Amino acid sequence: MALGMELWSFRERIQQLSHLLAKARGIVVYMGPSIYLWVYSLSIIAVGCLARLPAESTLWALYLSLALFAWVVIRRWRPLALIFLSFIGATWALHSHEASLDRRLPLGAHGADFVLQLNLVSLPELNEGGGFGASSESHTVRFRARVVDIVSSPLAEEGAQLAPPELSIGSLLNLTWYRVDGEALARLRGGSQWILPVRLRSPRGSVNPHTFDYEGWLLREGITATGYVRPRDYPPQWLGQGNGIIELRDELRSQISQLPIQRPDLIAALLLGDRSQLSEGDTDLLKRTGTGHLIAISGLHVGMVAGCILLMGTILAKGIGLFTGTSRFGIAIGLALVASLAYTLIAGVPLSAQRALVMTWVLLLGWHWRRRLGAGFAFSLALAIVLSLQPLAFYSAGFWLSFVAVGSLLLGFSGRIALSREPQWGPKAEAPGAVTSWQHRFSQLSLWQLLRSQWLIAIGLFIPSIIYFSGFSFSGVLVNLVAIPWMGLSILPSLMLGAVFIDTQLGVWLLQFAGWQLDLLMTALNIVDHSIPGFRGFAIASTALGIVIAGLGAVLLLLPKGLPGRKLGWLFFLPVAQPWLSTLTPADERLKLSVLDVGQGLSVVISTGKSRIVYDAGPSIPSGWSAGGSIVAPYLMSSGGSELDVLIVSHGDRDHAGGVEGLLRNIEAKKLYAPGTLASNLPLSPATITEQCRAGTEEQLGDISFRWLWPSLTAQGEELLDGEENDHSCVILAEWQGVRLLLTGDISRKVEYQLSKMYPQFPAVDVLIAPHHGSRSSSSVALLEWARPKRVVFSAGFRHHFGHPHTDVVKRYQNFGASIFSTAESGAVEFFWRAGEQEPQILQARLAPRFWYASHNRE
């Protein structure tokens with residue numbers, strides 16, 4: 001009896017499987033050829049999402065098993081074809097990723113010195129100021145260079161055993177040259193060849209949740225190593241100026257900078273893809289008004305170039321046809337193909353331009369061969385080609401913004417054409433003097449379609465914008481109605497023609513006209529920015545389920561009207577509103593301590609359901625990069641809102657206070673604490689309340705209590721504190737439901753000893769942020785015996801020349817039984833305590849499912 005029931009149950013499962021397979025076959029037939037391209041593309045994406053790359057034998061075994069199962073159960077060729085294409089995509093992605101990892105400079109060669117023959121393959125980016133101690137006339141230049149030859153390698157001379165080889169010919173490097181002299185600066189151009197002494201680092205970057213993945217970006221760009229030039233080790237030698245596209249790009253940039261035109265920075269960005277000259281103010285303005293895509297090379301620019309040349313080629317072809325009697329439409333297609341390719345090359349071949357170029361070529365060639373290509377097929381073909389060129393492209397924001405925008409338009413305009421009893425496109429009989437005409441209706445329809453297209457794009461890009469930029473620009477929906485046609489119909493044509501005739505007076509006039517329009521556009525954007533609500537920070541439930549629900553809701557809203565259940569798409573706002581709704585409900589009793597990975601510096605975020613506090617904002621560098629703006633602010637915005645209850649700046653060192661300006665440019669701090677008179681030197685808003693941190697005072701912020709342990713005026717002998725010295729650091733004890741956190745800044749052993757004397761009855765702490773990044777001058781036995789930390793976190797740069805944390809200090813903590821964490825090795829470290837729990841949940845960012853992190857961990 002039992003055996004019969006089992007057989008009956010097995011039969012039912014087989015029937016259910018057959019029904020599912022029949023439905024799958026129906027989907028395959030309905031989607032047509034596009035399904036094969038989608039399977040190929042999704043297989044590439046699946047391999048890129050793996051936490052570790054599988055062995056090739058494992059991949060073969062998996063697909064052979066799938067093929068055998070499909071043949072035995074279904075016995076049709078279509079599933080086998082899908083499995084084969086999936087295998088091709090997965091295999092290509094696996095080989096591409098393994099090759100990219102093999103090309104990277106191994107960790108064993110991190111910090112090694114080389115003398116290399118290099119060829120500059122990018123436009124050098126110039127920054128005023130050469131760093132600490134540099135004169136006002138010195139410069140810092142960043143560029144990419146290809147290795148032509150290895151002149152000398154100290155590692156090779158010492159016989160170091162490195163696997164894989166330390167550096168190979170053809171490797172692509174990201175280099176910085178500090179304090180470049182005038183003669184070298186004049187010769188440092190795109191396409192130039194040099195012999196340079198460099199110190200190289202393995203391509204490794206800070207790893208934090210919800211922030212830009214620098215290490216992944218380096219891998220996608222094919223960069224083997226980063227580093228900087230060391231002219232004191234070996235005299236740099238200029239070998240000559242090469243030829244090619246990069247030399248042409250450099251020459252165009254030089255000519256543009258010397259012409260009497262307005263906004264040469266924006267012209268260089270539009271024409272050459274060089275955004276290095278844009279000011280931070282302009283970049284922030286474009287972000288707030290949702291118009292940053294106008295300056296980034298995208299499908300708009302490539303499409304306009306192809307369209308203009310196609311129109312001119314068509315006129316030329318018809319002119320030839322008048323004399324020959326034969327239409328030469330192929331001339332127009334050929335010119336448009338060449339022009340779009342040439343513009344993409346001149347612009348530096350960015351990923352966004354690659355996508356636009358692929359789509360443009362697919363449509364133009366289909367038109368030329370009189371093949372009607374469906375929009376869905378063209379979309380899936382472009383997706384497959386882009387992923388074949390760069391299998392990790394889907395990790396970039398531009399990939400999603402580009403394809404989601406196009407997909408939104410395809411879905412939104414895929415509905416049926418409305419039919420009426422009256423003709424829509426021709427004139428109809430009207431009463432004398434009537435205003436309505438078919439031309440008027442056409443203009444109304446065009447305006448409506450323009451409004452609808454912007455609405456569709458806004459719906460489609462809402463979720464990707466929140467995921468990648470932690471916010472959305474509402475003013476951009478309206479601004480782009482005017483900015484996009486203005487850019488496409490007037491600014492870009494005059495700019496492109498001006499570049500073609502740049503050596504003539506006509507070209508100068510056209511570029512002047514384009515510059516005047518760009519200046520007018522930026523003025524208009526500035527007015528809009530002060531009049532209409534712009535960029536607003538949002539958070540979304542970070543779980544995969546929340547993102548999927550939001551995405552499905554957006555797809556429903558994009559579908560044509562009349563489909564059942566379409567309005568249920570508005571539910572896609574629920575995951576976005578979840579962080580806001582949580583403020584209306586009782587807060588989840590949880591404490592979160594995040595020690596962010598900001599390199600050689602410090603930034604700590606303490607948050608509960610009722611308050612958010614930041615202790616230090618990380619470093620900044622003279623070239624303009626700021627951990628506060630690039631790491632801390634995005635991390636805070638991703639967790640909801642752009643407000644901060646308290647910002648504490650421990651002292652004035654650049655690696656602690658350098659990121660304050662970048663942080664406050666994006667986040668509003670209600671209150672700031674700093675030692676002594678340091679607050680007066682910080683770029684604060686007039687509305688920010690400032691107070692000094694003084695030993696002996698306490699404060700309750702929400703459900704967190706703060707006790708200030710240092711600096712003590714008594715211990716300092718009543719001297720005036722400027723807050724700049726390490727021993728002026730604010731030392732804070734934060735407590736939440738029995739959990740104790742000790743933050744110490746950069747205090748030395750001297751202060752540690754005084755703290756142990758000032759507070760003799762001091763219970764053990766759960767987490768200690770190690771003083772001075774684990775320097776040998778701190779973390780004394782007196783501190784460890786006084787604080788007795790269960791866990792200690794070192795915030796330091798990976799293999800930084802300061803050598804933090806020092807090995808003696810690490811051993812000292814280990815001997816006391818403390819658990820050791822280091823942002824240099826683990827990335828950001830997050831601790832979570834729930835009410836009533838003493839043991840936290842611990843997350844380390846570098847353990848995220850990214851195969852390039854795992855590769856470093858294996859090394």
# chains A, B, ... in the order shown; residues from 1 in each chain; ligands from 1
call {"tool": "residues_around", "arguments": {"residues": "Ile267 of chain A", "least_positions_apart": "3", "cutoff": "9 Å", "atoms": "only C-alpha atoms", "output": "ChimeraX atom specification"}}
result
/A:256,262-264,270-272,274,295,495,511,514-515,518
call {"tool": "residues_around", "arguments": {"residues": "Lys757 of chain A", "least_positions_apart": "5", "cutoff": "12 Å", "atoms": "only C-alpha atoms", "output": "PyMOL selection string"}}
result
chain A and resi 709+715+750-752+762+782-783+785-787
call {"tool": "write_last_selection", "arguments": {"atoms": "N, CA, C and O atoms", "output": "CSV table (one decimal), in the first residue's frame"}}
result
chain,number,residue,atom,x,y,z
A,709,LEU,N,35.8,61.0,28.3
A,709,LEU,CA,36.9,60.6,29.1
A,709,LEU,C,38.1,61.5,28.9
A,709,LEU,O,38.9,61.6,29.8
A,715,ALA,N,44.5,67.7,33.3
A,715,ALA,CA,45.7,67.0,32.9
A,715,ALA,C,46.6,67.7,31.9
A,715,ALA,O,47.8,67.5,31.9
A,750,LYS,N,51.1,57.9,26.9
A,750,LYS,CA,51.0,58.9,28.0
A,750,LYS,C,49.6,59.1,28.4
A,750,LYS,O,49.3,59.1,29.6
A,751,VAL,N,48.7,59.3,27.5
A,751,VAL,CA,47.3,59.6,27.8
A,751,VAL,C,46.6,58.3,28.3
A,751,VAL,O,45.8,58.3,29.2
A,752,GLU,N,47.0,57.2,27.7
A,752,GLU,CA,46.5,55.9,28.2
A,752,GLU,C,46.8,55.7,29.6
A,752,GLU,O,45.9,55.2,30.4
A,762,PHE,N,37.0,50.8,36.2
A,762,PHE,CA,36.5,50.9,34.8
A,762,PHE,C,36.1,49.5,34.3
A,762,PHE,O,37.0,48.6,34.1
A,782,ALA,N,49.2,49.2,30.0
A,782,ALA,CA,48.3,49.9,30.9
A,782,ALA,C,46.9,50.1,30.4
A,782,ALA,O,45.9,49.9,31.1
A,783,LEU,N,46.8,50.4,29.1
A,783,LEU,CA,45.4,50.5,28.4
A,783,LEU,C,44.7,49.1,28.4
A,783,LEU,O,43.5,49.1,28.8
A,785,GLU,N,45.1,46.5,30.4
A,785,GLU,CA,44.7,46.1,31.7
A,785,GLU,C,43.6,46.9,32.2
A,785,GLU,O,42.8,46.4,33.0
A,786,TRP,N,43.5,48.2,31.8
A,786,TRP,CA,42.4,49.1,32.2
A,786,TRP,C,41.1,48.8,31.5
A,786,TRP,O,40.1,48.6,32.1
A,787,ALA,N,41.2,48.7,30.2
A,787,ALA,CA,39.9,48.6,29.4
A,787,ALA,C,39.5,47.1,29.2
A,787,ALA,O,38.3,46.8,29.1
call {"tool": "residues_around", "arguments": {"residues": "segment 124-126 of chain A", "least_positions_apart": "2", "cutoff": "8 Å", "atoms": "only C-alpha atoms", "output": "list in words"}}
result
Ser122, Glu128, His139, Thr140, Val141, Arg142, Phe143, Arg144, Leu188, Arg189, Gly190, Ser276 and Gln277 of chain A
call {"tool": "closest_residue", "arguments": {"among": "A:Ser620, A:Thr289, A:Ser494, A:Ser531", "to": "Ser475 of chain A", "atoms": "only C-alpha atoms"}}
result
A:Thr289
call {"tool": "closest_residue", "arguments": {"among": "A:Lys670, A:Pro260, A:Asp727, A:Leu410", "to": "Leu510 of chain A", "atoms": "only C-alpha atoms"}}
result
A:Pro260
call {"tool": "select_by_dssp", "arguments": {"residues": "segment 649-770 of chain A", "states": "alpha helix (DSSP H)", "output": "list in words"}}
result
Arg654, Asp655, His656, Ala657, Val660, Glu661, Gly662, Leu663, Leu664, Arg749, Lys750, Val751, Glu752, Tyr753, Gln754, Leu755, Ser756, Lys757 and Met758 of chain A
